[in-house]
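Shown below: run.tsv, with TSV, C-alpha atoms.
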```
chain	number	residue	atom	x	y	z
A	1	MET	CA	-126.70	162.34	55.06
A	2	GLY	CA	-130.48	162.75	55.21
A	3	ASN	CA	-131.13	160.79	58.42
A	4	GLN	CA	-134.39	162.66	59.06
A	5	LEU	CA	-137.39	163.14	56.79
A	6	VAL	CA	-139.75	166.12	56.95
A	7	LEU	CA	-142.92	165.96	54.84
A	8	LEU	CA	-144.62	169.11	53.59
A	9	SER	CA	-147.34	169.87	51.10
A	10	ALA	CA	-146.11	171.44	47.87
A	11	GLU	CA	-147.71	174.72	48.93
A	12	GLU	CA	-145.90	174.62	52.27
A	13	PHE	CA	-142.62	173.90	50.50
A	14	ARG	CA	-143.16	176.92	48.24
A	15	ASP	CA	-144.15	179.26	51.06
A	16	ILE	CA	-141.66	178.09	53.71
A	17	VAL	CA	-138.59	176.57	52.07
A	18	LEU	CA	-138.70	178.78	48.95
A	19	ALA	CA	-140.28	181.83	50.57
A	20	ILE	CA	-139.69	185.07	48.68
A	21	PRO	CA	-138.00	187.61	50.98
A	22	ASP	CA	-140.03	190.62	52.01
A	23	GLY	CA	-139.32	193.94	50.37
A	24	SER	CA	-140.27	196.02	47.37
A	25	ARG	CA	-137.19	194.76	45.54
A	26	PHE	CA	-138.97	191.49	44.80
A	27	SER	CA	-142.57	192.68	44.52
A	28	HIS	CA	-141.75	194.78	41.44
A	29	ILE	CA	-139.91	192.09	39.47
A	30	PRO	CA	-141.97	191.44	36.31
A	31	ARG	CA	-143.26	187.91	35.76
A	32	HIS	CA	-144.39	186.44	32.46
A	33	GLU	CA	-148.12	185.88	32.85
A	34	LEU	CA	-149.59	182.63	31.56
A	35	THR	CA	-153.19	182.18	30.47
A	36	THR	CA	-152.93	178.56	29.31
A	37	ASN	CA	-151.32	175.42	30.65
A	38	PRO	CA	-147.64	175.41	29.57
A	39	PHE	CA	-147.52	171.64	30.08
A	40	GLY	CA	-150.28	170.87	27.60
A	41	GLU	CA	-148.03	168.48	25.67
A	42	LEU	CA	-147.61	166.39	28.81
A	43	GLN	CA	-151.23	165.41	29.40
A	44	GLY	CA	-150.36	161.82	28.54
A	45	ALA	CA	-147.04	161.83	30.39
A	46	SER	CA	-147.96	158.66	32.29
A	47	GLU	CA	-147.85	156.75	28.99
A	48	MET	CA	-144.80	158.56	27.57
A	49	THR	CA	-141.24	157.32	27.80
A	50	ASN	CA	-138.92	158.83	30.35
A	51	LEU	CA	-136.95	160.59	27.61
A	52	GLU	CA	-140.11	162.04	26.04
A	53	VAL	CA	-141.27	163.45	29.38
A	54	CYS	CA	-137.83	164.89	30.05
A	55	MET	CA	-137.50	166.66	26.70
A	56	ALA	CA	-141.09	167.99	26.72
A	57	LEU	CA	-140.85	169.34	30.26
A	58	LEU	CA	-137.49	171.03	29.72
A	59	GLU	CA	-138.77	172.60	26.51
A	60	ALA	CA	-141.90	173.89	28.27
A	61	ILE	CA	-139.84	175.50	31.05
A	62	ASP	CA	-137.61	177.33	28.58
A	63	GLN	CA	-140.22	178.16	25.94
A	64	HIS	CA	-142.64	179.70	28.44
A	65	ARG	CA	-139.89	181.40	30.49
A	66	LEU	CA	-140.99	179.68	33.68
A	67	ALA	CA	-137.58	180.13	35.33
A	68	PRO	CA	-136.01	183.39	34.08
A	69	GLY	CA	-132.26	183.51	34.57
A	70	CYS	CA	-132.05	179.73	34.21
A	71	ILE	CA	-131.81	177.25	31.37
A	72	ALA	CA	-133.51	173.87	31.64
A	73	ALA	CA	-131.26	171.33	29.94
A	74	CYS	CA	-130.01	167.78	30.02
A	75	CYS	CA	-126.68	167.14	31.67
A	76	SER	CA	-123.53	165.93	30.02
A	77	ALA	CA	-122.12	162.55	31.03
A	78	ARG	CA	-121.72	161.95	34.73
A	79	PRO	CA	-118.19	162.16	36.15
A	80	ASP	CA	-116.33	158.84	36.06
A	81	PHE	CA	-116.37	158.53	39.84
A	82	CYS	CA	-120.14	159.07	40.00
A	83	VAL	CA	-122.15	155.92	40.79
A	84	ILE	CA	-125.84	156.66	41.39
A	85	ASP	CA	-128.00	153.95	39.89
A	86	GLY	CA	-127.46	150.69	38.12
A	87	ASP	CA	-130.76	150.18	36.31
A	88	GLY	CA	-130.52	153.18	33.98
A	89	ASP	CA	-134.04	154.46	34.71
A	90	THR	CA	-132.90	157.90	35.87
A	91	LEU	CA	-132.29	160.79	33.47
A	92	ASP	CA	-130.07	163.69	34.51
A	93	ALA	CA	-131.29	167.21	33.82
A	94	ALA	CA	-131.30	170.45	35.76
A	95	LEU	CA	-131.87	174.16	35.89
A	96	PHE	CA	-128.56	175.83	35.06
A	97	ASP	CA	-127.46	179.43	35.10
A	98	HIS	CA	-128.41	181.04	31.78
A	99	ASP	CA	-124.73	181.75	31.04
A	100	VAL	CA	-123.69	178.10	31.31
A	101	GLU	CA	-121.59	176.75	28.44
A	102	LEU	CA	-123.57	174.19	26.44
A	103	SER	CA	-122.05	171.39	24.39
A	104	SER	CA	-124.40	169.59	21.97
A	105	SER	CA	-127.32	171.21	23.87
A	106	ARG	CA	-126.08	169.67	27.12
A	107	ALA	CA	-124.66	171.44	30.16
A	108	PRO	CA	-121.82	170.26	32.42
A	109	TRP	CA	-123.09	167.78	35.00
A	110	THR	CA	-121.18	169.51	37.79
A	111	ALA	CA	-122.74	172.93	37.01
A	112	GLN	CA	-126.28	172.01	38.11
A	113	GLU	CA	-128.12	174.66	40.10
A	114	VAL	CA	-131.34	172.71	40.75
A	115	PRO	CA	-131.26	169.10	39.51
A	116	ILE	CA	-134.39	167.72	37.85
A	117	VAL	CA	-134.31	163.96	38.19
A	118	PHE	CA	-136.66	161.98	35.95
A	119	ARG	CA	-137.85	158.51	36.88
A	120	GLN	CA	-139.78	156.21	34.57
A	121	CYS	CA	-143.49	156.12	35.39
A	122	GLY	CA	-144.38	152.73	36.83
A	123	VAL	CA	-141.10	152.33	38.70
A	124	ASP	CA	-141.77	151.78	42.40
A	125	ASP	CA	-141.97	155.15	44.08
A	126	GLU	CA	-139.26	155.43	46.74
A	127	PHE	CA	-141.39	158.10	48.35
A	128	CYS	CA	-144.34	155.87	49.21
A	129	CYS	CA	-143.80	156.96	52.81
A	130	ASP	CA	-146.56	159.51	52.10
A	131	ARG	CA	-148.93	156.59	52.46
A	132	ASN	CA	-147.02	155.02	55.37
A	133	ARG	CA	-146.03	157.85	57.65
A	134	HIS	CA	-145.01	155.47	60.41
A	135	MET	CA	-141.98	154.67	58.25
A	136	GLU	CA	-140.59	158.12	59.02
A	137	ASP	CA	-139.00	156.62	62.13
A	138	ASP	CA	-137.44	153.67	60.29
A	139	VAL	CA	-134.10	155.06	59.16
A	140	GLU	CA	-132.98	152.00	57.19
A	141	LYS	CA	-136.21	151.62	55.21
A	142	ARG	CA	-136.32	155.33	54.50
A	143	LYS	CA	-132.72	155.30	53.28
A	144	GLU	CA	-133.54	152.38	51.00
A	145	MET	CA	-136.53	154.23	49.51
A	146	LEU	CA	-134.56	157.42	48.95
A	147	SER	CA	-131.25	155.76	48.08
A	148	LYS	CA	-130.86	156.87	44.46
A	149	TYR	CA	-131.92	160.44	45.11
A	150	LEU	CA	-129.70	160.54	48.18
A	151	ARG	CA	-126.69	159.34	46.18
A	152	TYR	CA	-127.42	161.93	43.50
A	153	ALA	CA	-127.49	164.68	46.11
A	154	ALA	CA	-124.37	163.33	47.82
A	155	VAL	CA	-122.35	163.49	44.61
A	156	LEU	CA	-123.38	167.10	44.04
A	157	PHE	CA	-122.31	167.91	47.59
A	158	ASP	CA	-118.93	166.38	46.72
A	159	VAL	CA	-118.39	168.42	43.55
A	160	GLN	CA	-120.00	171.71	44.60
A	161	GLN	CA	-119.45	174.03	47.53
A	162	ARG	CA	-122.93	174.34	49.03
A	163	PHE	CA	-124.81	174.18	52.32
A	164	PHE	CA	-127.87	172.35	50.99
A	165	LEU	CA	-129.44	171.28	47.71
A	166	VAL	CA	-132.91	171.83	46.22
A	167	MET	CA	-134.01	169.08	43.83
A	168	ILE	CA	-137.07	168.44	41.64
A	169	ALA	CA	-138.06	164.78	41.17
A	170	VAL	CA	-140.38	163.96	38.25
A	171	THR	CA	-142.18	160.66	37.72
A	172	GLY	CA	-144.57	160.63	34.78
A	173	ARG	CA	-147.08	163.41	35.41
A	174	THR	CA	-146.16	164.12	39.03
A	175	PHE	CA	-143.39	166.10	40.67
A	176	ARG	CA	-141.96	166.58	44.13
A	177	VAL	CA	-139.51	169.15	45.46
A	178	LEU	CA	-136.80	168.16	47.93
A	179	ARG	CA	-134.30	170.05	50.05
A	180	TRP	CA	-131.27	168.01	51.08
A	181	ASP	CA	-128.71	168.89	53.71
A	182	ARG	CA	-126.25	166.86	55.74
A	183	SER	CA	-128.80	165.87	58.37
A	184	ARG	CA	-132.23	165.69	56.75
A	185	VAL	CA	-134.36	165.86	53.63
A	186	VAL	CA	-137.44	168.07	53.44
A	187	MET	CA	-139.82	166.68	50.82
A	188	SER	CA	-143.08	167.88	49.33
A	189	SER	CA	-146.06	165.71	48.56
A	190	ALA	CA	-146.52	164.46	44.99
A	191	VAL	CA	-148.42	166.86	42.72
A	192	ASP	CA	-149.84	166.40	39.23
A	193	TYR	CA	-148.15	169.24	37.34
A	194	PHE	CA	-150.64	169.01	34.45
A	195	THR	CA	-153.75	169.66	36.52
A	196	ASN	CA	-151.92	171.87	39.07
A	197	TRP	CA	-149.70	173.69	36.62
A	198	GLN	CA	-150.05	177.06	38.39
A	199	LEU	CA	-148.48	175.59	41.53
A	200	PHE	CA	-145.55	174.12	39.60
A	201	CYS	CA	-145.05	177.45	37.83
A	202	ASP	CA	-145.08	179.24	41.20
A	203	ILE	CA	-142.36	176.94	42.52
A	204	LEU	CA	-140.24	177.48	39.41
A	205	TRP	CA	-140.70	181.25	39.77
A	206	HIS	CA	-139.56	181.14	43.39
A	207	ILE	CA	-136.51	179.10	42.33
A	208	SER	CA	-135.79	181.65	39.60
A	209	LEU	CA	-135.91	184.58	42.04
A	210	ALA	CA	-133.66	182.76	44.48
A	211	HIS	CA	-131.15	181.90	41.76
A	212	ARG	CA	-130.96	185.46	40.47
A	213	TYR	CA	-131.07	187.46	43.69
A	214	VAL	CA	-130.63	185.26	46.76
A	215	PRO	CA	-128.64	182.16	45.70
A	216	GLU	CA	-128.17	181.23	49.35
A	217	MET	CA	-131.87	180.21	49.30
A	218	LEU	CA	-130.84	177.36	46.99
A	219	GLY	CA	-127.94	176.36	49.21
A	220	ALA	CA	-125.13	178.19	47.43
A	221	ASP	CA	-122.08	179.08	49.50
A	222	PRO	CA	-121.48	182.79	48.79
A	223	THR	CA	-117.83	182.46	49.79
A	224	ALA	CA	-117.09	180.08	46.90
A	225	VAL	CA	-117.49	180.80	43.19
A	226	ARG	CA	-117.37	178.20	40.41
A	227	LEU	CA	-115.34	179.64	37.54
A	228	SER	CA	-115.89	179.03	33.84
A	229	SER	CA	-113.07	178.75	31.33
A	230	ARG	CA	-114.04	182.21	30.03
A	231	ASP	CA	-113.28	183.87	33.36
A	232	ALA	CA	-110.00	185.79	33.71
A	233	ARG	CA	-109.48	184.16	37.10
A	234	TRP	CA	-109.63	180.74	35.41
A	235	ARG	CA	-106.78	181.75	33.09
A	236	ARG	CA	-104.83	183.05	36.05
A	237	MET	CA	-105.20	179.72	37.84
A	238	ALA	CA	-104.26	177.80	34.69
A	239	ALA	CA	-101.10	179.87	34.37
A	240	ALA	CA	-100.26	179.30	38.03
A	241	ALA	CA	-100.56	175.53	37.50
A	242	ASN	CA	-97.77	175.52	34.92
A	243	GLY	CA	-94.26	174.80	36.12
A	244	HIS	CA	-91.82	177.67	36.53
A	245	GLY	CA	-88.07	177.70	36.27
A	246	SER	CA	-87.75	178.94	39.83
A	247	ASP	CA	-89.80	176.07	41.31
A	248	PHE	CA	-87.89	174.31	44.05
A	249	ASP	CA	-87.27	170.59	44.46
A	250	GLU	CA	-88.47	169.77	47.97
A	251	HIS	CA	-86.34	166.65	48.49
A	252	MET	CA	-83.76	166.82	51.28
A	253	ARG	CA	-80.25	167.37	49.91
A	254	LEU	CA	-77.30	169.71	49.98
A	255	LEU	CA	-78.05	172.77	47.88
A	256	GLY	CA	-75.79	173.40	44.94
A	257	ASP	CA	-74.16	176.76	44.38
A	258	ASP	CA	-76.46	177.37	41.43
A	259	GLU	CA	-79.66	176.77	43.42
A	260	SER	CA	-81.47	179.87	44.58
A	261	SER	CA	-82.03	180.46	48.26
A	262	GLU	CA	-84.75	183.00	47.50
A	263	PRO	CA	-88.37	182.11	48.43
A	264	SER	CA	-90.01	180.10	45.64
A	265	THR	CA	-92.81	177.60	45.01
A	266	LEU	CA	-92.10	173.99	45.92
A	267	ASP	CA	-92.55	171.42	43.16
A	268	HIS	CA	-94.97	169.28	45.15
A	269	ALA	CA	-97.16	172.30	45.97
A	270	ARG	CA	-97.36	173.27	42.29
A	271	ASN	CA	-98.14	169.68	41.30
A	272	ALA	CA	-100.84	169.38	43.96
A	273	PHE	CA	-102.47	172.60	42.75
A	274	ARG	CA	-102.36	171.38	39.14
A	275	GLU	CA	-104.04	168.14	40.21
A	276	THR	CA	-106.98	170.05	41.70
A	277	LEU	CA	-107.59	171.69	38.32
A	278	THR	CA	-107.43	168.47	36.30
A	279	SER	CA	-109.41	166.34	38.77
A	280	THR	CA	-112.83	165.08	37.64
A	281	HIS	CA	-114.26	166.81	40.71
```
Would you kindly transcribe this structure into structure tokens?
Amino acid sequence: MGNQLVLLSAEEFRDIVLAIPDGSRFSHIPRHELTTNPFGELQGASEMTNLEVCMALLEAIDQHRLAPGCIAACCSARPDFCVIDGDGDTLDAALFDHDVELSSSRAPWTAQEVPIVFRQCGVDDEFCCDRNRHMEDDVEKRKEMLSKYLRYAAVLFDVQQRFFLVMIAVTGRTFRVLRWDRSRVVMSSAVDYFTNWQLFCDILWHISLAHRYVPEMLGADPTAVRLSSRDARWRRMAAAANGHGSDFDEHMRLLGDDESSEPSTLDHARNAFRETLTSTH
């Protein structure tokens, strides 16, 4: 995954990767106008802890309605099978659908729409290839630099049905936007979101429009829908996972007189379906 790297400016990423479709449908959508920097509390982000930057940035996104239709929140605990980093310097947060179910102000890790990955300022920047463009052709070195972000994206590909993934990476007072698919990663240059706050707000607005009206722009597979426990279809699946008296033992044997010969669900098929609902995926 991600064997090729494409570098763009943040403006190019906004205008090409997150381009708003043509048409009056989008030109008339009202946008909350800002007259002051919504990230004013983050002027000293380079000296703040990772957690402080995370909480302040998420609060600014929600408070100033920078991504309508989305909630910026921290994620719940990672799934047990998820191994991304071992040094604990990455915080998990994301833009979620505004209807997501929160628990203790946290959203389910597997429900991320656009992950926002926070790295402690001062940690070596895996994306230093901006300064060494010749490294674009060195697959192994590039994979090493991007390893943690790549693993993060790979896990989301495992637990979600999607074609590609858009990610925001934040380190101190800078951000990058990335688009991962199975063959490459498209990455923007690093931008100071305090001094270039209008650009960051533009990117969040484009993400918001895509999420609300064209989710395929964020990599969503329109043929698959993630259900919440409040959905009637969820309850239907839960009922189907329960055993039924007519379920049929699939083991080879002579059928007794009291065993039905009518079509029915095999035990192993019911059990396999139940396992898909209880799996950590």
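Using only C-alpha atoms, the shortest contact distance between Ala72 of chain A and any of A:Gln112, A:Gln4, A:Asn271, A:Ser229 is found at A:Gln112.
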Next on the checklist: Using Å and a single decimal, report how far atom CA of Asp97 of chain A sits from atom CA of Glu113 of chain A.
Outcome noted: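 Rounded to one decimal, the two atoms are 6.9 Å apart.
Between atom CA of Ser76 of chain A and atom CA of Asp158 of chain A the separation is 17.3 Å.
Of the residues under consideration (A:Ile116, A:Ala224, A:Val214, A:Ala10), A:Ile116 shows the shortest atom-to-atom contact distance to Ala169 of chain A when counting all atoms listed in the file.
With atom CA of Asn196 of chain A on one side and atom CA of Asn37 of chain A on the other, the separation reads 9.2 Å.
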Item to check | A:Ile71, A:Ala60, A:Leu146, A:Leu209 ranked by distance to His28 of chain A, top pick (using all atoms listed in the file) | outcome: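 That would be A:Leu209, the residue with the smallest distance to His28 of chain A.
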Checklist entry - Out of A:Ala272, A:Leu254, A:Val186, A:Leu266, which residue has the shortest atom-to-atom distance to Ile16 of chain A when counting all atoms listed in the file? => result A:Val186
